[in-house]
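**Q** For reference, this is start_39.cif, and it has mmCIF, C-alpha atoms.
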data_run
#
loop_
_atom_site.label_atom_id
_atom_site.label_comp_id
_atom_site.auth_asym_id
_atom_site.auth_seq_id
_atom_site.Cartn_x
_atom_site.Cartn_y
_atom_site.Cartn_z
CA MET F 1 0.00 0.00 0.00
CA ASN F 2 1.45 3.37 -1.01
CA GLU F 3 1.26 5.75 1.96
CA PHE F 4 2.39 9.29 2.44
CA ARG F 5 2.41 11.57 5.45
CA PHE F 6 1.31 15.17 5.83
CA ALA F 7 3.45 17.66 7.73
CA GLN F 8 1.93 19.15 10.86
CA GLY F 9 2.56 22.61 9.39
CA LEU F 10 0.20 21.83 6.49
CA VAL F 11 -2.52 20.70 8.89
CA ARG F 12 -2.07 23.87 10.94
CA ALA F 13 -2.23 26.01 7.77
CA LEU F 14 -5.45 24.28 6.66
CA LEU F 15 -6.97 24.89 10.07
CA ARG F 16 -6.01 28.59 9.93
CA GLU F 17 -7.55 28.88 6.47
CA GLN F 18 -10.70 26.79 6.95
CA HIS F 19 -11.35 26.83 10.71
CA PRO F 20 -9.55 29.81 12.25
CA ASP F 21 -11.64 29.34 15.39
CA LEU F 22 -9.81 26.02 15.97
CA ALA F 23 -6.37 26.89 14.60
CA ASP F 24 -4.82 27.73 17.98
CA LEU F 25 -5.76 24.44 19.67
CA ASP F 26 -3.00 21.97 20.53
CA LEU F 27 -2.28 19.66 17.57
CA ARG F 28 -0.44 16.35 17.98
CA ASP F 29 0.10 13.41 15.66
CA VAL F 30 -1.65 10.16 16.62
CA ALA F 31 -0.44 6.75 15.56
CA GLY F 32 -2.99 4.46 13.95
CA GLY F 33 -5.62 4.43 11.28
CA TRP F 34 -5.78 2.42 8.11
CA GLY F 35 -5.99 4.94 5.33
CA ASN F 36 -5.86 8.25 7.17
CA GLN F 37 -3.23 10.17 9.08
CA GLN F 38 -4.69 11.43 12.34
CA TRP F 39 -4.04 14.20 14.84
CA ARG F 40 -5.66 15.16 18.14
CA LEU F 41 -6.89 18.74 18.06
CA GLY F 42 -7.34 20.10 21.55
CA THR F 43 -8.90 17.62 23.97
CA GLU F 44 -12.08 16.73 22.09
CA LEU F 45 -11.41 17.06 18.37
CA GLY F 46 -9.30 15.35 15.78
CA VAL F 47 -8.15 15.73 12.19
CA ARG F 48 -7.93 12.95 9.63
CA MET F 49 -6.36 13.27 6.20
CA PRO F 50 -6.21 10.54 3.56
CA ARG F 51 -2.78 9.00 3.12
CA THR F 52 -3.54 6.09 0.80
CA GLU F 53 -5.02 5.93 -2.71
CA GLY F 54 -8.32 4.44 -1.55
CA ALA F 55 -8.85 6.69 1.48
CA PRO F 56 -10.54 9.63 -0.31
CA ALA F 57 -13.31 7.42 -1.69
CA LEU F 58 -13.86 5.89 1.74
CA LEU F 59 -14.04 9.33 3.35
CA ARG F 60 -16.64 10.36 0.77
CA THR F 61 -18.68 7.31 1.86
CA GLU F 62 -18.40 8.43 5.49
CA GLN F 63 -19.36 11.99 4.59
CA ARG F 64 -22.41 10.67 2.76
CA TRP F 65 -23.60 8.30 5.50
CA LEU F 66 -22.58 9.93 8.80
CA PRO F 67 -25.19 12.70 8.58
CA VAL F 68 -27.80 9.98 8.04
CA LEU F 69 -26.54 7.73 10.84
CA ALA F 70 -25.52 10.37 13.40
CA PRO F 71 -29.02 11.28 14.62
CA ARG F 72 -29.89 7.60 15.07
CA LEU F 73 -26.82 6.61 17.10
CA PRO F 74 -26.49 9.59 18.30
CA LEU F 75 -23.15 10.86 16.97
CA PRO F 76 -21.92 14.32 16.02
CA THR F 77 -21.60 14.88 12.28
CA PRO F 78 -18.02 15.53 11.12
CA VAL F 79 -17.04 18.90 9.74
CA PRO F 80 -15.20 18.40 6.46
CA VAL F 81 -11.89 20.13 5.81
CA ARG F 82 -10.78 19.97 2.18
CA VAL F 83 -7.32 19.63 0.72
CA GLY F 84 -7.94 18.49 -2.84
CA GLU F 85 -9.51 15.24 -1.68
CA PRO F 86 -11.83 14.90 1.31
CA SER F 87 -10.55 14.78 4.83
CA ALA F 88 -12.53 15.12 8.02
CA LEU F 89 -12.51 17.04 11.25
CA PHE F 90 -14.34 14.93 13.78
CA GLU F 91 -15.49 15.05 17.38
CA HIS F 92 -15.71 11.31 17.94
CA THR F 93 -14.35 8.62 15.70
CA TRP F 94 -16.92 6.49 13.93
CA THR F 95 -14.76 3.85 12.34
CA VAL F 96 -16.17 1.35 9.95
CA THR F 97 -13.70 -1.51 9.85
CA ARG F 98 -11.89 -1.78 6.52
CA GLY F 99 -13.08 1.74 5.85
CA GLU F 100 -16.31 0.95 4.07
CA MET F 101 -19.98 0.77 4.82
CA CYS F 102 -21.23 -2.68 3.93
CA ALA F 103 -24.37 -2.23 1.86
CA GLY F 104 -25.27 -5.93 2.07
CA ASP F 105 -25.60 -6.67 5.78
CA PRO F 106 -26.04 -4.04 8.49
CA ALA F 107 -24.47 -6.44 10.99
CA THR F 108 -21.02 -5.55 9.65
CA ASP F 109 -21.47 -1.92 10.69
CA LEU F 110 -23.38 -2.76 13.87
CA SER F 111 -20.38 -4.72 15.13
CA ALA F 112 -19.12 -1.31 16.27
CA ALA F 113 -21.37 -1.76 19.32
CA TRP F 114 -18.65 -4.00 20.77
CA ILE F 115 -15.60 -2.63 18.95
CA LEU F 116 -16.04 1.06 19.78
CA LEU F 117 -18.50 1.48 22.62
CA PRO F 118 -17.70 1.09 26.32
CA ALA F 119 -18.35 -2.19 28.11
CA CYS F 120 -21.97 -3.04 28.91
CA THR F 121 -23.43 -0.52 26.44
CA ALA F 122 -24.18 -2.78 23.45
CA SER F 123 -27.66 -3.67 24.68
CA ARG F 124 -28.53 0.02 25.15
CA PHE F 125 -27.16 0.70 21.66
CA PHE F 126 -29.41 -1.95 20.11
CA ASP F 127 -32.42 -0.79 22.15
CA ALA F 128 -31.91 2.71 20.75
CA TYR F 129 -31.22 1.44 17.22
CA GLU F 130 -34.53 -0.51 17.18
CA ASN F 131 -34.01 -2.00 13.69
CA ALA F 132 -31.90 -5.03 14.54
CA ASP F 133 -33.50 -8.40 15.16
CA GLU F 134 -31.79 -11.12 17.21
CA ALA F 135 -30.22 -12.71 14.11
CA THR F 136 -28.70 -9.40 13.02
CA ILE F 137 -27.36 -8.79 16.52
CA ALA F 138 -25.82 -12.29 16.58
CA ARG F 139 -24.13 -11.65 13.21
CA ALA F 140 -22.94 -8.24 14.45
CA ARG F 141 -21.40 -9.92 17.50
CA ALA F 142 -19.66 -12.46 15.24
CA TRP F 143 -18.28 -9.62 13.09
CA ALA F 144 -17.07 -7.90 16.27
CA VAL F 145 -15.22 -11.05 17.34
CA LEU F 146 -13.61 -11.36 13.91
CA ARG F 147 -12.57 -7.72 13.90
CA ALA F 148 -11.27 -7.88 17.45
CA ILE F 149 -9.08 -10.84 16.49
CA HIS F 150 -7.84 -8.84 13.51
CA LEU F 151 -6.96 -5.91 15.81
CA ILE F 152 -5.11 -8.29 18.15
CA SER F 153 -3.18 -9.70 15.20
CA ILE F 154 -2.15 -6.24 13.97
CA GLY F 155 -1.16 -5.31 17.52
CA ARG F 156 0.87 -8.50 17.94
CA ASN F 157 2.69 -7.76 14.69
CA GLY F 158 3.54 -4.32 16.02
CA ARG F 159 4.74 -5.73 19.33
CA LEU F 160 7.00 -8.11 17.38
CA GLY F 161 8.26 -5.33 15.10
CA LEU F 162 6.67 -6.80 11.97
CA PRO F 163 5.58 -4.65 9.00
CA SER F 164 2.16 -2.98 9.23
CA GLY F 165 1.96 -3.76 12.92
CA LYS F 166 0.50 -1.31 15.40
CA PRO F 167 1.32 -2.36 18.98
CA THR F 168 -1.35 -0.18 20.58
CA TRP F 169 -4.05 -2.13 18.75
CA GLU F 170 -3.48 -5.36 20.67
CA PRO F 171 -4.92 -4.13 23.99
CA ALA F 172 -7.78 -2.43 22.13
CA GLY F 173 -8.50 -5.68 20.28
CA ARG F 174 -8.43 -7.71 23.48
CA ALA F 175 -10.81 -5.28 25.17
CA ALA F 176 -13.16 -5.42 22.16
CA LEU F 177 -13.03 -9.22 22.20
CA GLU F 178 -13.89 -9.28 25.90
CA ARG F 179 -16.84 -6.95 25.28
CA ALA F 180 -18.06 -9.04 22.32
CA VAL F 181 -18.03 -12.36 24.19
CA ALA F 182 -19.31 -10.99 27.50
CA ASN F 183 -22.72 -12.25 28.56
CA LEU F 184 -22.79 -15.02 25.96
CA ARG F 185 -23.31 -17.63 28.66
CA ARG F 186 -26.63 -16.92 30.34
#
Take the structure in the file and write it out as structure tokens.

**A**
Amino acid sequence: MNEFRFAQGLVRALLREQHPDLADLDLRDVAGGWGNQQWRLGTELGVRMPRTEGAPALLRTEQRWLPVLAPRLPLPTPVPVRVGEPSALFEHTWTVTRGEMCAGDPATDLSAAWILLPACTASRFFDAYENADEATIARARAWAVLRAIHLISIGRNGRLGLPSGKPTWEPAGRAALERAVANLRR
């Protein structure tokens, strides 16, 4: 995968030009992400910019669907910041694993209930979502387990110094796996 990195000075210049109200907030690079380079902006915001060939198309998908999904979850809608191709300024990260919304089965996206949300909140999430039957929830849980194992694998590779590894993902993957398998035995 061909990746490139943006200089912090460019991000700061884009903020000054497009969001001067935010341009003086602390900006620090954050490791992680599949197709986007990320920074923390202040204590509650972040900046993502596409660093791979496929990332702009995936960000366009997010920009299309997040305003539709945000009121239902509830999530804040990202504020786009443009530099040729789309990038996003976001309050909370709504990550769709592999960077795409799966049009075929909503369970793939609903797996985020265990991957992203705090422990013991998945049932409240599905109560609020209202459109998931038990079979969809079971498939979502299975997707969450699969994705958690993938996060653990990427983290392990990072811990071992292997290419494309991200050591901080292993604990996150283990926590997601624990959340996904919790309360299976009733």

**Q** I'd like the residues picked by the PyMOL selection byres ((chain F and resi 167) around 7) written out as a list in words, using the chain letters and numbers from the file.

**A** Gly155, Arg156, Gly158, Arg159, Gly165, Lys166, Thr168, Trp169 and Glu170 of chain F

**Q** As number ranges by chain, please: the residues near region 148-153 of chain F (cut-off 9 Å, all atoms listed in the file, same-chain neighbours under 4 positions excluded).

**A** F: 114-115, 143-144, 157-158, 165-167, 169-178, 180

**Q** Please measure the separation of CA of Asp29 (chain F) and CA of Val11 (chain F), giving the value in Å to one decimal.

**A**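 Separation of CA of Asp29 (chain F) and CA of Val11 (chain F): 10.3 Å.
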
**Q** Any idea what the distance is between CA of Trp65 (chain F) and CA of Leu27 (chain F)?

**A**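 The value is 27.0 Å.
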
**Q** Of the candidates F:Ala182, F:Leu58, F:Leu160, F:Leu25, which one gets nearest to Thr43 (chain F) if we count all atoms listed in the file?

**A**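 Closest to Thr43 (chain F) of all the choices is F:Leu25.
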
**Q** What is the distance between CA of Phe6 (chain F) and CA of Met49 (chain F), in Å to one decimal?

**A**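 Rounded to one decimal, the two atoms are 7.9 Å apart.
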
**Q** Using the chain letters and numbers from the file, give me the residues hit by the PyMOL selection byres ((chain F and resi 137) around 12), as an MDAnalysis selection string.

**A** chainID F and resid 105:114 122:123 125:127 129:136 138:144 180

**Q** For a quick check of understanding, using all atoms listed in the file, which of F:Gln38, F:Gln18, F:Asn183, F:Gln63 has the smallest distance to Arg51 (chain F)?

**A**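 Smallest separation from Arg51 (chain F) among the options: F:Gln38.
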